[in-house]
Structure formats: structure tokens, C-alpha cells
Amino acid sequence: MFIRPLRRLLTRPTAVSHFHTFPPCLSSRKILQNFKLADIGEGITECEVIKWNVKELGAIQSFDPLCEVQSDKASVEITSPFDGIVKEILVKEGEVAKVGQGLCVIEVDEELSDSASAEQIEPALSAAAAPSPIIPNSKFVEDAVSRAEQIREEPSAPRRLHPMDPNYLPSSTPDVNRENVLAKPSVRHYARQSKVDLALLSGSGRDGRIEKKDIDAFISQQASSVSVDLSSVAPRAQTEQDVIVELGRTRYGMWKAMTQSLEVPHFGYSTSLDLTSLHSLLPTLNSHIPEHFDPSKSSSLPINPSALHPAPSPPLVPESAQFTRITYLPILIKTLAKAMMAWPVLRSSITPGSVNGGGKPTLTIRPHADIAVALSTPTGLYTPVISHADTHSIYSLSSQLKHLSFLGRQVPCALTMNEMPKRGATVTISNIGAIGDGEYAHPVLVPGGGVAIVAIGRARWVWDVSKSDRGERRLKVGVSWSADHRVLEGAELAAFVESWRAYVEAPERLIGEGI
């Protein structure tokens, strides 16, 4: 008795659209329809699908926009003829469909599909299995009826009117875009590849149809306009005023020194040094930095070394001279100083006043190796001197380099005559490898700057086959020398570099000679 009134309720037209999503026991029979592209006239046989307004498994209602297709004459919006669910999209966006070809598959109610045009749709399946009758229980029917009342009370979204509806009003603003112009699908594809908006073009074909040559002409016009814009920018750049900057005291001193360097006859010499042994020695040196240079390494001994007599106190080292790691530079300076002690000519300098005195020039040979370090600072280039470099340890040299770098970074520069004595040095070293990635350079020697200058490049690991056919991996660094040819001969400089190499590539010699 309860089922009969429920059937009478379900047969009402107003309840059909609300119950078609309910479980199979209360829904009408579903069938799949293949929606085909209809003939839109004017001899058009194919269209390109521009845009789908629905997605697969999405719900659609009658007269809702289904998709947009584009022919070589116009853009057409295709609407849905019935309510249903889009099960599958057969023609993707950008693909071309023939007239009569299926566009999508829609699941609809069987009684709703009776009024659809047979030319546009056809069953996707020949037959569908009818659901077996199920007698619902009373609780399930009560839930279904309450759900139907809830759906009936919910406000529905306003539905778009079909263009054939008497109440349909066309938009007041025309839809001007690249899809409304006349062009073949192949021309549209070429425009998308060339990133050209068809709405900006005027067609030269029949009835204003855009051809491929119109796109090529538009691209050429755009390229010429860019060149015109660049030429128009150039006059504006010419109106900008030049700025005159006066040289500071340090840069002006460098200007004069480089100008005077033209008076020195230079000759160059370049080679490479093997740092593999030094590389293996660095971890040991870094792990035994004295406490006064690296306070973090302070250690307490179980036995007091000053129990019998006070041990000598280490020198006071300012914080700016403390360091935690040794690099290759202080070792190269130490080995260079050792080689200079064996070559007095590299410890010599032209005696001031002897060149222009009318007699023969004289050389002054110093008892120790004075080495200058080229230092780039915010205010300019300076060459502070490490005096008596041969008497310093590797740790002391590293401390002095750290302190000189600290003074050079101050603004204004904190270097004084104590770090840059007037007599200067006899050899200058420039560590260009710490800044750039270069291996060799051509340093310039200035008057009063000693008899030679050397530039140290960046160290690199290379495969060396000079000592064995199989070769081995070695760490090498390029060194570039410039010397005063009035004092040094080329053979002397080459032989001196070999003496330096003997210390660098065999640093164990420093231990034997007491460092």
C-alpha cells in the first residue's frame, strides 16, 4: 500500500529531475548517448573544437553551453539538448572533428532522450540491462522523500536562455577576439605557433579571411617596429651628461707609478709550481697553530712546564692578527725568502740617487729578504712590506698577512709608514688567484718597487704525465714573473725560480734547515 503512492509521486513531471541522481532503486533507466557534430551549413565539413565548457563526469542541463567549435568562417557555440552527465569527451580541445563525428558521450534518462534529434545523438550501447526490481524498506523511502524536499527548497542557479528562446537578449558588447575572425584551422594553428593574436590582423583573402601570408607580414612589421623603438631610445641616451670624477690620492699615486714604470725595461717569465706536498702538509700545520695565534686551541697540561723556571711568555698578538687556518700564501712567502737568501741579487735594489748622479749606478744588497704584498683595498692598491721575512715562521707570516689585510680594509686605510717603509722591498708578490680564476698574469714593476714582482694564480688539480707515462693527479699553480732587465738577466731569474721550486715542492727541507 505504501509503494503505490510512491510510484505515483515518482511519475510526476516535477519530480523526475530531482530523483534522477538517487540510488538505482528509485532512479529511472539510464542510457549512454553519443552526441555528434551536426551540419552547421554553408558547405562546412569539419570544425575545430576550441573550448569545452564541461569536464568529464560533469553534470549538464538543457541549453547549457557544451562546447565551442570553429570553422574557417565563424565560431559556433553548441548547447546541450538535454540534462545528463558527460561521461567521455571524444574530441579534445584543438582537435578537428568531421560533421557527423561523435563529440562526447552523455548519460541521460531514457524518457528524456526520446525527444532528442536522431541526427545529433545515437545510443552508445545497443541495450542496457534493466535494473532488477527492489522493494525498498520504509526507512529508506523516508530518507529519499526528505532528500527530495531538501533539493526542492535549495535555490537553483539561473539557467542561460537558449538563443531561440523569446526571452533571450543578445549581449550589447560584441565578442571581439581571435576566434571570431575568418581563418582556416591550419592558419589558426600557425598563428598559435607564432604567438600572433588573429584579432589584430586584417585578412587579405576572400571576405576578409586571414591567410598565412598575413601572419608573416604582421611578424615582419613587429620586428621593424622594435628596431624603430631602439633607434628612438638612442637619442635620449645621448642627452645624458658625462660625469667627471677626480682621482683620489691613492689612485693618483698609482697613476704616476704606472707612468714611471715605462722607464723600467721589463722581461717576463712564467712557469708552474707543484703544491701537492704542501697540500698534504697543511692539515698538520693547521692542527698545531700556537695558542697565541689561535686562542681557541688553548689546552691545559697535566704538568706545569714553568715549575722550575718561568717559561718565555709568547708575544702578544692583537685580535686582528689572530687566525684559525693557514693558506698556501705564507708558505710560498717563507720558501721565497729562503731562496732569496741564496740569491743576493734578489735582495738588491738600485741605490737611490746613483742613477742620475752622473756616475755609474750602484746596487744596495740587503742582509735580509724584504717582501712586499700587493693589497687591494676599498681606497686603492697598496704594497705593505714584510721586513726580514726570512726570520719569520710560517705562523708569524700568516699572522702578519691577517693584520695587514685588516688594516687595508679600514676606511680610510689604516696602513702607516710602519707597514710601508720608504725604502720598500726588493720583491713583490701578488696573489691574484685569491680573487679571479686566472692562472697567469703580466705584473708591472714600478721604479722603487724592487727588482722583480711575481703574480700567483689559482691552484688547480691536473693530470701530470711529465714524470711517468701513467701520470698522476697533482695540484699545480701558475706563477708569472716580471723583472728589471737592468739588474737581472733572464737566465738568473729562471735559475732563481728553480731554487724557489726546490723549497716549494719539497717543504721537508724547511725542517732540516731549522725553518
# chains A, B, ... in the order shown; residues from 1 in each chain; ligands from 1

call {"tool": "residues_around", "arguments": {"residues": "Val187 (chain A)", "least_positions_apart": "2", "cutoff": "9 Å", "atoms": "only C-alpha atoms", "output": "list in words"}}
result
Ala183, Lys184, Pro185, His189, Tyr190, Ala191, Arg192, Ile210, Glu211, Lys212 and Ile215 of chain A

call {"tool": "residues_around", "arguments": {"residues": "Pro315 (chain A)", "least_positions_apart": "4", "cutoff": "12 Å", "atoms": "only C-alpha atoms", "output": "list in words"}}
result
Pro290, Glu291, His292, Phe293, Ala321, Gln322, Ser396 and Ser399 of chain A

call {"tool": "atom_distance", "arguments": {"atom1": "CA of Leu285 (chain A)", "atom2": "CA of Leu329 (chain A)"}}
result
13.4 Å

call {"tool": "residues_around", "arguments": {"residues": "region 451-454 of chain A", "least_positions_apart": "4", "cutoff": "7 Å", "atoms": "only C-alpha atoms", "output": "list of chain:residue names"}}
result
A:Leu346, A:Ser349, A:Thr426, A:Val427, A:Thr428, A:Ile429, A:Ser430, A:Pro443, A:Leu445, A:Val479, A:Ser480, A:Trp481, A:Ser482, A:Ala483, A:Asp484, A:Val487

call {"tool": "select_by_dssp", "arguments": {"residues": "region 282-385 of chain A", "states": "strand (DSSP E or B)", "output": "list of chain:residue names"}}
result
A:Ser348, A:Ser349, A:Ile350, A:Leu363, A:Thr364, A:Ile365, A:Ile371, A:Ala372, A:Val373, A:Leu375, A:Ser376, A:Thr377, A:Gly380, A:Leu381, A:Tyr382, A:Val385

call {"tool": "write_last_selection", "arguments": {"atoms": "C-alpha atoms", "output": "PDB file, in the first residue's frame"}}
result
ATOM      1  CA  SER A 348     119.285  44.103  -4.039  1.00  0.00           C
ATOM      2  CA  SER A 349     117.814  47.431  -5.086  1.00  0.00           C
ATOM      3  CA  ILE A 350     119.093  50.357  -7.084  1.00  0.00           C
ATOM      4  CA  LEU A 363     123.097  48.385  -6.154  1.00  0.00           C
ATOM      5  CA  THR A 364     122.360  48.060  -2.448  1.00  0.00           C
ATOM      6  CA  ILE A 365     122.206  44.473  -1.175  1.00  0.00           C
ATOM      7  CA  ILE A 371     108.985  41.110   0.501  1.00  0.00           C
ATOM      8  CA  ALA A 372     106.082  43.394  -0.351  1.00  0.00           C
ATOM      9  CA  VAL A 373     102.483  42.124  -0.724  1.00  0.00           C
ATOM     10  CA  LEU A 375      96.945  44.549  -1.308  1.00  0.00           C
ATOM     11  CA  SER A 376      93.679  45.682  -2.918  1.00  0.00           C
ATOM     12  CA  THR A 377      91.705  47.904  -0.520  1.00  0.00           C
ATOM     13  CA  GLY A 380      93.095  51.688  -3.784  1.00  0.00           C
ATOM     14  CA  LEU A 381      96.169  49.488  -4.254  1.00  0.00           C
ATOM     15  CA  TYR A 382      98.839  49.359  -1.547  1.00  0.00           C
ATOM     16  CA  VAL A 385     106.198  45.285   3.312  1.00  0.00           C
TER      17      VAL A 385
END

call {"tool": "residues_around", "arguments": {"residues": "His392 (chain A)", "least_positions_apart": "3", "cutoff": "12 Å", "atoms": "only C-alpha atoms", "output": "ChimeraX atom specification"}}
result
/A:330-331,333-335,337-338,368-371,386-389,395-401,514-515

call {"tool": "closest_residue", "arguments": {"among": "A:Ser277, A:Thr324, A:Ser306, A:Ser261", "to": "Val446 (chain A)", "atoms": "only C-alpha atoms"}}
result
A:Ser261

call {"tool": "residues_around", "arguments": {"residues": "Ala502 (chain A)", "least_positions_apart": "2", "cutoff": "12 Å", "atoms": "only C-alpha atoms", "output": "PyMOL selection string"}}
result
chain A and resi 273-275+277+332+335-336+338-339+495-500+504-510

call {"tool": "atom_distance", "arguments": {"atom1": "CA of Ala434 (chain A)", "atom2": "CA of Ile326 (chain A)"}}
result
13.8 Å

call {"tool": "atom_distance", "arguments": {"atom1": "CA of Ser393 (chain A)", "atom2": "CA of Gly438 (chain A)"}}
result
28.9 Å

call {"tool": "residues_around", "arguments": {"residues": "Ala59 (chain A)", "least_positions_apart": "2", "cutoff": "12 Å", "atoms": "only C-alpha atoms", "output": "number ranges by chain"}}
result
A: 20-21, 53-57, 61-62, 64-66, 80, 82-88, 106-108

call {"tool": "decode", "arguments": {"residues": "region 88-101 of chain A", "atoms": "all heavy atoms", "output": "CSV table (one decimal), in the first residue's frame"}}
result
chain,number,residue,atom,x,y,z
A,88,GLU,N,32.2,11.0,-21.3
A,88,GLU,CA,33.5,10.9,-22.0
A,88,GLU,C,33.6,12.0,-23.1
A,88,GLU,O,32.6,12.2,-23.8
A,88,GLU,CB,33.7,9.5,-22.6
A,88,GLU,CG,35.1,9.4,-23.4
A,88,GLU,CD,35.2,8.0,-24.0
A,88,GLU,OE1,34.3,7.2,-23.9
A,88,GLU,OE2,36.3,7.8,-24.6
A,89,ILE,N,34.7,12.7,-23.2
A,89,ILE,CA,34.9,13.7,-24.3
A,89,ILE,C,35.7,13.0,-25.3
A,89,ILE,O,36.9,12.6,-25.1
A,89,ILE,CB,35.6,14.9,-23.7
A,89,ILE,CG1,34.7,15.6,-22.7
A,89,ILE,CG2,36.0,15.9,-24.8
A,89,ILE,CD1,35.3,16.9,-22.1
A,90,LEU,N,35.1,12.9,-26.5
A,90,LEU,CA,35.8,12.1,-27.6
A,90,LEU,C,36.7,13.0,-28.5
A,90,LEU,O,37.7,12.5,-29.0
A,90,LEU,CB,34.7,11.6,-28.6
A,90,LEU,CG,33.7,10.6,-27.9
A,90,LEU,CD1,32.6,10.2,-28.9
A,90,LEU,CD2,34.3,9.5,-27.2
A,91,VAL,N,36.5,14.3,-28.6
A,91,VAL,CA,37.3,15.2,-29.4
A,91,VAL,C,37.9,16.2,-28.4
A,91,VAL,O,37.2,17.0,-27.8
A,91,VAL,CB,36.6,15.9,-30.5
A,91,VAL,CG1,37.5,16.8,-31.3
A,91,VAL,CG2,35.9,14.8,-31.4
A,92,LYS,N,39.2,16.2,-28.2
A,92,LYS,CA,39.9,17.2,-27.3
A,92,LYS,C,40.0,18.6,-27.9
A,92,LYS,O,39.8,18.8,-29.1
A,92,LYS,CB,41.3,16.7,-26.9
A,92,LYS,CG,41.3,15.2,-26.4
A,92,LYS,CD,40.5,15.1,-25.2
A,92,LYS,CE,40.5,13.6,-24.6
A,92,LYS,NZ,39.7,13.4,-23.4
A,93,GLU,N,40.3,19.5,-27.0
A,93,GLU,CA,40.5,20.9,-27.5
A,93,GLU,C,41.6,21.0,-28.4
A,93,GLU,O,42.7,20.4,-28.2
A,93,GLU,CB,40.7,21.8,-26.3
A,93,GLU,CG,39.4,22.0,-25.4
A,93,GLU,CD,39.7,23.0,-24.3
A,93,GLU,OE1,40.8,23.5,-24.2
A,93,GLU,OE2,38.8,23.2,-23.5
A,94,GLY,N,41.4,21.7,-29.6
A,94,GLY,CA,42.5,21.8,-30.6
A,94,GLY,C,42.4,20.8,-31.6
A,94,GLY,O,43.1,20.9,-32.7
A,95,GLU,N,41.6,19.7,-31.5
A,95,GLU,CA,41.4,18.7,-32.5
A,95,GLU,C,40.3,19.1,-33.4
A,95,GLU,O,39.4,19.8,-33.1
A,95,GLU,CB,41.2,17.3,-31.8
A,95,GLU,CG,42.3,16.9,-31.0
A,95,GLU,CD,42.1,15.5,-30.4
A,95,GLU,OE1,41.0,15.0,-30.5
A,95,GLU,OE2,43.0,15.0,-29.8
A,96,VAL,N,40.3,18.5,-34.6
A,96,VAL,CA,39.3,18.8,-35.7
A,96,VAL,C,38.4,17.6,-35.7
A,96,VAL,O,38.8,16.4,-35.8
A,96,VAL,CB,40.0,19.0,-37.0
A,96,VAL,CG1,39.0,19.2,-38.1
A,96,VAL,CG2,41.0,20.2,-36.9
A,97,ALA,N,37.1,17.9,-35.8
A,97,ALA,CA,36.0,16.9,-35.9
A,97,ALA,C,35.3,17.0,-37.2
A,97,ALA,O,35.0,18.2,-37.6
A,97,ALA,CB,35.1,17.0,-34.7
A,98,LYS,N,35.0,15.9,-37.8
A,98,LYS,CA,34.2,15.9,-39.0
A,98,LYS,C,32.7,16.0,-38.7
A,98,LYS,O,32.3,15.6,-37.6
A,98,LYS,CB,34.4,14.6,-39.8
A,98,LYS,CG,35.9,14.4,-40.2
A,98,LYS,CD,36.3,15.4,-41.3
A,98,LYS,CE,37.8,15.1,-41.8
A,98,LYS,NZ,38.2,16.0,-42.8
A,99,VAL,N,31.9,16.5,-39.6
A,99,VAL,CA,30.5,16.6,-39.5
A,99,VAL,C,29.9,15.1,-39.4
A,99,VAL,O,30.2,14.3,-40.2
A,99,VAL,CB,29.8,17.3,-40.6
A,99,VAL,CG1,28.3,17.2,-40.5
A,99,VAL,CG2,30.2,18.8,-40.6
A,100,GLY,N,29.1,14.9,-38.3
A,100,GLY,CA,28.6,13.5,-38.1
A,100,GLY,C,29.5,12.7,-37.1
A,100,GLY,O,29.1,11.6,-36.7
A,101,GLN,N,30.7,13.2,-36.7
A,101,GLN,CA,31.6,12.5,-35.8
A,101,GLN,C,31.1,12.8,-34.4
A,101,GLN,O,30.7,13.9,-34.0
A,101,GLN,CB,33.0,13.0,-36.0
A,101,GLN,CG,34.0,12.3,-35.1
A,101,GLN,CD,35.4,12.9,-35.3
A,101,GLN,OE1,35.7,13.5,-36.3
A,101,GLN,NE2,36.3,12.5,-34.4
